[in-house]
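Below is data.pdb, which holds PDB, C-alpha atoms, pLDDT in the B column.
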```pdb
ATOM      1  CA  MET A 251       9.473 -31.006  -2.203  1.00 96.00           C
ATOM      2  CA  ILE A 252       7.119 -28.023  -1.895  1.00 97.00           C
ATOM      3  CA  ILE A 253       4.655 -27.311   0.910  1.00 98.00           C
ATOM      4  CA  TYR A 254       2.072 -24.535   0.979  1.00 98.00           C
ATOM      5  CA  LYS A 255      -0.441 -22.848   3.210  1.00 98.00           C
ATOM      6  CA  THR A 256      -3.370 -20.628   2.240  1.00 98.00           C
ATOM      7  CA  PHE A 257      -4.294 -17.400   4.018  1.00 98.00           C
ATOM      8  CA  SER A 258      -7.082 -14.887   3.448  1.00 98.00           C
ATOM      9  CA  PHE A 259      -7.596 -11.232   4.230  1.00 98.00           C
ATOM     10  CA  ASP A 260     -10.010  -8.456   3.348  1.00 98.00           C
ATOM     11  CA  SER A 261      -8.722  -5.116   2.114  1.00 98.00           C
ATOM     12  CA  ALA A 262      -9.909  -2.064   0.238  1.00 97.00           C
ATOM     13  CA  HIS A 263      -7.993  -0.224  -2.442  1.00 96.00           C
ATOM     14  CA  TYR A 264      -8.309   1.962  -5.503  1.00 95.00           C
ATOM     15  CA  LEU A 265      -6.035   2.117  -8.504  1.00 94.00           C
ATOM     16  CA  PRO A 266      -4.920   5.718  -9.032  1.00 92.00           C
ATOM     17  CA  TYR A 267      -3.401   5.250 -12.506  1.00 93.00           C
ATOM     18  CA  VAL A 268      -6.252   3.602 -14.396  1.00 90.00           C
ATOM     19  CA  PRO A 269      -8.082   5.628 -17.067  1.00 92.00           C
ATOM     20  CA  LEU A 270     -10.769   8.053 -15.875  1.00 91.00           C
ATOM     21  CA  GLY A 271     -14.034   6.191 -15.374  1.00 90.00           C
ATOM     22  CA  HIS A 272     -12.429   2.755 -14.934  1.00 92.00           C
ATOM     23  CA  LYS A 273     -14.315   0.864 -12.226  1.00 92.00           C
ATOM     24  CA  CYS A 274     -11.101   0.067 -10.348  1.00 89.00           C
ATOM     25  CA  GLY A 275     -10.349   3.768  -9.949  1.00 91.00           C
ATOM     26  CA  GLY A 276     -12.975   4.002  -7.212  1.00 92.00           C
ATOM     27  CA  MET A 277     -12.473   2.514  -3.797  1.00 93.00           C
ATOM     28  CA  HIS A 278     -13.538  -1.117  -3.616  1.00 95.00           C
ATOM     29  CA  GLY A 279     -12.605  -4.220  -1.691  1.00 95.00           C
ATOM     30  CA  HIS A 280     -11.526  -7.809  -2.169  1.00 96.00           C
ATOM     31  CA  THR A 281     -11.306 -10.923  -0.108  1.00 97.00           C
ATOM     32  CA  TYR A 282      -7.783 -11.899  -1.075  1.00 98.00           C
ATOM     33  CA  THR A 283      -6.364 -15.389  -0.806  1.00 98.00           C
ATOM     34  CA  LEU A 284      -2.637 -15.880  -0.526  1.00 98.00           C
ATOM     35  CA  LYS A 285      -0.877 -19.216  -1.005  1.00 98.00           C
ATOM     36  CA  VAL A 286       2.682 -19.331   0.298  1.00 98.00           C
ATOM     37  CA  PHE A 287       4.886 -22.091  -1.151  1.00 98.00           C
ATOM     38  CA  LEU A 288       8.119 -23.231   0.512  1.00 98.00           C
ATOM     39  CA  THR A 289      10.644 -25.655  -0.876  1.00 97.00           C
ATOM     40  CA  GLY A 290      12.911 -27.895   1.143  1.00 96.00           C
ATOM     41  CA  THR A 291      13.832 -31.362   2.243  1.00 96.00           C
ATOM     42  CA  PRO A 292      11.924 -32.955   5.089  1.00 96.00           C
ATOM     43  CA  GLU A 293      13.957 -33.204   8.279  1.00 94.00           C
ATOM     44  CA  ILE A 294      14.791 -36.757   9.264  1.00 94.00           C
ATOM     45  CA  GLU A 295      13.500 -36.511  12.823  1.00 93.00           C
ATOM     46  CA  SER A 296      10.259 -34.542  12.305  1.00 93.00           C
ATOM     47  CA  GLY A 297       9.534 -35.614   8.741  1.00 95.00           C
ATOM     48  CA  TRP A 298       8.564 -32.001   7.956  1.00 95.00           C
ATOM     49  CA  ILE A 299      10.010 -29.252   5.823  1.00 97.00           C
ATOM     50  CA  LEU A 300       8.419 -26.837   8.306  1.00 96.00           C
ATOM     51  CA  ASP A 301       5.682 -27.093  10.906  1.00 96.00           C
ATOM     52  CA  TYR A 302       2.585 -25.456   9.387  1.00 97.00           C
ATOM     53  CA  THR A 303       2.014 -23.691  12.702  1.00 97.00           C
ATOM     54  CA  ASP A 304       5.413 -22.004  12.338  1.00 97.00           C
ATOM     55  CA  LEU A 305       4.462 -20.941   8.823  1.00 98.00           C
ATOM     56  CA  LYS A 306       1.140 -19.579  10.057  1.00 98.00           C
ATOM     57  CA  ASN A 307       2.792 -17.709  12.930  1.00 98.00           C
ATOM     58  CA  GLY A 308       5.379 -16.178  10.596  1.00 98.00           C
ATOM     59  CA  ILE A 309       2.871 -15.002   7.984  1.00 98.00           C
ATOM     60  CA  ARG A 310       0.136 -13.796  10.371  1.00 97.00           C
ATOM     61  CA  PRO A 311       1.862 -10.487  11.317  1.00 98.00           C
ATOM     62  CA  ILE A 312       2.212  -9.645   7.612  1.00 98.00           C
ATOM     63  CA  ILE A 313      -1.443 -10.437   6.956  1.00 98.00           C
ATOM     64  CA  ASP A 314      -2.386  -8.301   9.961  1.00 98.00           C
ATOM     65  CA  LEU A 315      -0.748  -5.294   8.230  1.00 97.00           C
ATOM     66  CA  LEU A 316      -3.205  -5.729   5.324  1.00 98.00           C
ATOM     67  CA  ASP A 317      -6.414  -7.119   6.817  1.00 98.00           C
ATOM     68  CA  HIS A 318      -9.262  -4.598   6.926  1.00 98.00           C
ATOM     69  CA  LYS A 319      -6.951  -1.816   5.749  1.00 98.00           C
ATOM     70  CA  LEU A 320      -6.898   0.596   2.821  1.00 98.00           C
ATOM     71  CA  LEU A 321      -3.916  -0.728   0.892  1.00 97.00           C
ATOM     72  CA  ASN A 322      -3.129   2.665  -0.677  1.00 97.00           C
ATOM     73  CA  GLU A 323      -2.194   3.950   2.797  1.00 97.00           C
ATOM     74  CA  ILE A 324       0.447   1.278   3.393  1.00 97.00           C
ATOM     75  CA  PRO A 325       3.985   2.457   2.569  1.00 95.00           C
ATOM     76  CA  GLY A 326       5.110   0.870  -0.670  1.00 93.00           C
ATOM     77  CA  LEU A 327       1.553   0.125  -1.831  1.00 95.00           C
ATOM     78  CA  GLU A 328       0.449   3.497  -3.129  1.00 92.00           C
ATOM     79  CA  ASN A 329      -0.553   1.770  -6.421  1.00 95.00           C
ATOM     80  CA  PRO A 330      -1.820  -1.538  -5.006  1.00 97.00           C
ATOM     81  CA  THR A 331      -2.388  -3.653  -8.081  1.00 96.00           C
ATOM     82  CA  ALA A 332      -2.333  -7.392  -7.508  1.00 97.00           C
ATOM     83  CA  GLU A 333       1.112  -7.418  -9.110  1.00 97.00           C
ATOM     84  CA  GLN A 334       2.479  -4.732  -6.789  1.00 97.00           C
ATOM     85  CA  LEU A 335       0.891  -6.359  -3.741  1.00 98.00           C
ATOM     86  CA  SER A 336       2.539  -9.661  -4.725  1.00 98.00           C
ATOM     87  CA  LEU A 337       5.964  -8.000  -4.884  1.00 98.00           C
ATOM     88  CA  TRP A 338       5.356  -6.306  -1.522  1.00 98.00           C
ATOM     89  CA  LEU A 339       4.331  -9.632   0.054  1.00 98.00           C
ATOM     90  CA  TRP A 340       7.339 -11.450  -1.418  1.00 98.00           C
ATOM     91  CA  ASN A 341       9.703  -8.840   0.033  1.00 98.00           C
ATOM     92  CA  LYS A 342       8.124  -9.237   3.481  1.00 98.00           C
ATOM     93  CA  ILE A 343       7.999 -13.056   3.458  1.00 98.00           C
ATOM     94  CA  LYS A 344      11.345 -14.007   1.868  1.00 98.00           C
ATOM     95  CA  PRO A 345      13.528 -12.758   4.771  1.00 97.00           C
ATOM     96  CA  ILE A 346      11.461 -14.806   7.229  1.00 97.00           C
ATOM     97  CA  PHE A 347      11.275 -17.952   5.111  1.00 97.00           C
ATOM     98  CA  PRO A 348      14.316 -18.312   2.833  1.00 96.00           C
ATOM     99  CA  GLY A 349      12.746 -21.446   1.315  1.00 97.00           C
ATOM    100  CA  LEU A 350       9.996 -19.310  -0.230  1.00 98.00           C
ATOM    101  CA  CYS A 351       9.726 -20.363  -3.866  1.00 98.00           C
ATOM    102  CA  LYS A 352       6.350 -19.016  -4.983  1.00 98.00           C
ATOM    103  CA  ILE A 353       3.318 -17.061  -3.884  1.00 98.00           C
ATOM    104  CA  GLU A 354      -0.105 -17.032  -5.446  1.00 98.00           C
ATOM    105  CA  LEU A 355      -2.321 -14.043  -4.706  1.00 98.00           C
ATOM    106  CA  ASN A 356      -5.962 -14.036  -5.798  1.00 98.00           C
ATOM    107  CA  GLU A 357      -8.144 -10.970  -5.541  1.00 95.00           C
ATOM    108  CA  THR A 358     -11.171 -12.910  -6.794  1.00 94.00           C
ATOM    109  CA  PRO A 359     -11.673 -16.665  -7.199  1.00 93.00           C
ATOM    110  CA  GLY A 360     -10.870 -16.326 -10.905  1.00 96.00           C
ATOM    111  CA  THR A 361      -8.103 -13.676 -11.006  1.00 96.00           C
ATOM    112  CA  GLY A 362      -4.691 -13.506  -9.487  1.00 97.00           C
ATOM    113  CA  VAL A 363      -0.933 -13.376  -9.727  1.00 98.00           C
ATOM    114  CA  ILE A 364       1.698 -16.074  -9.327  1.00 98.00           C
ATOM    115  CA  TYR A 365       5.135 -14.751  -8.408  1.00 98.00           C
ATOM    116  CA  GLU A 366       8.256 -16.898  -8.194  1.00 97.00           C
ATOM    117  CA  GLY A 367      10.824 -14.278  -7.267  1.00 92.00           C
TER     118      GLY A 367
END
```

Can the structure in the file be given as structure tokens, please?
Amino acid sequence: MIIYKTFSFDSAHYLPYVPLGHKCGGMHGHTYTLKVFLTGTPEIESGWILDYTDLKNGIRPIIDLLDHKLLNEIPGLENPTAEQLSLWLWNKIKPIFPGLCKIELNETPGTGVIYEG
């Protein structure tokens, strides 16, 4: 069984390696949405794989590192494409939640990355 929770955060970035004149080379921002998917078997007593509040409390400090920040200034995100940000998020979340099986990161409602480790 898979559970998920959706988070959002606002961040600015620029992409330093795009061709000269590319619109993403200038600083701009996104309202990102992040879906975190965990796999597991519901516990007999609680009936849950994980309390959503525990998931929220575990992810919130990671989101706080990104929210209202310039992503390029965060160590490991000097080239903060959606793909690189997804890898960075995975590496932060997986040690906290070993049942992590997938993340979906959207930088707009119609564009994003799905990463399954």

Point out the residue among A:Pro348, A:Pro325, A:Pro330, A:Gly367 with the least atom-to-atom distance to Gly279 (chain A), counting all atoms listed in the file.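 With all atoms listed in the file as the atom set, the closest residue is A:Pro330.
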
Measure the distance from CA of Tyr365 (chain A) to CA of Ile353 (chain A) in Å and round it to one decimal.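 Those two atoms sit 5.4 Å apart.
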
Counting only C-alpha atoms, what are the residues of region 298-331 of chain A within 9 Å of region 254-270 of chain A, and for each of them which pair of atoms is the nearest and at what distance in Å, to one decimal? Sort the table by chain and rising number, as a tab-separated table.
```
residue	atom	partner	partner_atom	distance
A:Tyr302	CA	A:Lys255	CA	7.4
A:Leu305	CA	A:Lys255	CA	7.7
A:Lys306	CA	A:Lys255	CA	7.8
A:Ile309	CA	A:Phe257	CA	8.5
A:Arg310	CA	A:Phe257	CA	8.5
A:Ile313	CA	A:Phe259	CA	6.8
A:Asp314	CA	A:Phe259	CA	8.3
A:Leu316	CA	A:Ser261	CA	6.4
A:Asp317	CA	A:Phe259	CA	5.0
A:His318	CA	A:Ser261	CA	4.9
A:Lys319	CA	A:Ser261	CA	5.2
A:Leu320	CA	A:Ala262	CA	4.8
A:Leu321	CA	A:His263	CA	5.3
A:Asn322	CA	A:His263	CA	5.9
A:Glu323	CA	A:His263	CA	8.9
A:Glu328	CA	A:Pro266	CA	8.3
A:Asn329	CA	A:Leu265	CA	5.9
A:Pro330	CA	A:Leu265	CA	6.6
A:Thr331	CA	A:Leu265	CA	6.8
```

Minimum-distance residue to Cys351 (chain A), chosen among A:Leu315, A:Ile324, A:Ile364, A:Ala332 (using all atoms listed in the file):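 That would be A:Ile364, the residue with the smallest distance to Cys351 (chain A).
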
First collect every listed atom of region 261-266 of chain A; then fit an axis-aligned box around them, widen it by 5 Å on each side, and give centre and edge lengths in Å to one decimal, as lines of an AutoDock Vina configuration file.
```
center_x = -7.4
center_y = 0.3
center_z = -3.5
size_x = 15.0
size_y = 20.8
size_z = 21.1
```

Of the candidates A:Leu327, A:Ile343, A:Leu350, A:Leu335, which one gets nearest to Tyr282 (chain A) if we count only C-alpha atoms?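 Among A:Leu327, A:Ile343, A:Leu350, A:Leu335, it is A:Leu335 that comes nearest to Tyr282 (chain A).
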
Distance query Phe347 (chain A) at most 12 Å, all atoms listed in the file, self and fewer than 5 positions along chain excluded, as a ChimeraX atom specification: /A:286-290,299-300,304-309,339-342,352

Return the single residue from A:Thr283, A:Gly276, A:Pro292, A:Gln334 that is closest to Ile252 (chain A), with distances computed using only C-alpha atoms.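 The answer is A:Pro292, which sits nearest to Ile252 (chain A).
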
Selected residue, from A:Lys273, A:Leu284, A:Pro345, A:Ile294, that lies nearest to Val363 (chain A) when counting only C-alpha atoms: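 The closest residue to Val363 (chain A) is A:Leu284.
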
In Å, how far is it from CA of Lys344 (chain A) to CA of Met251 (chain A)? 17.6 Å

How many Å separate CA of Asn356 (chain A) from CA of Thr281 (chain A)?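 One can read the CA of Asn356 (chain A) to CA of Thr281 (chain A) distance as 8.4 Å.
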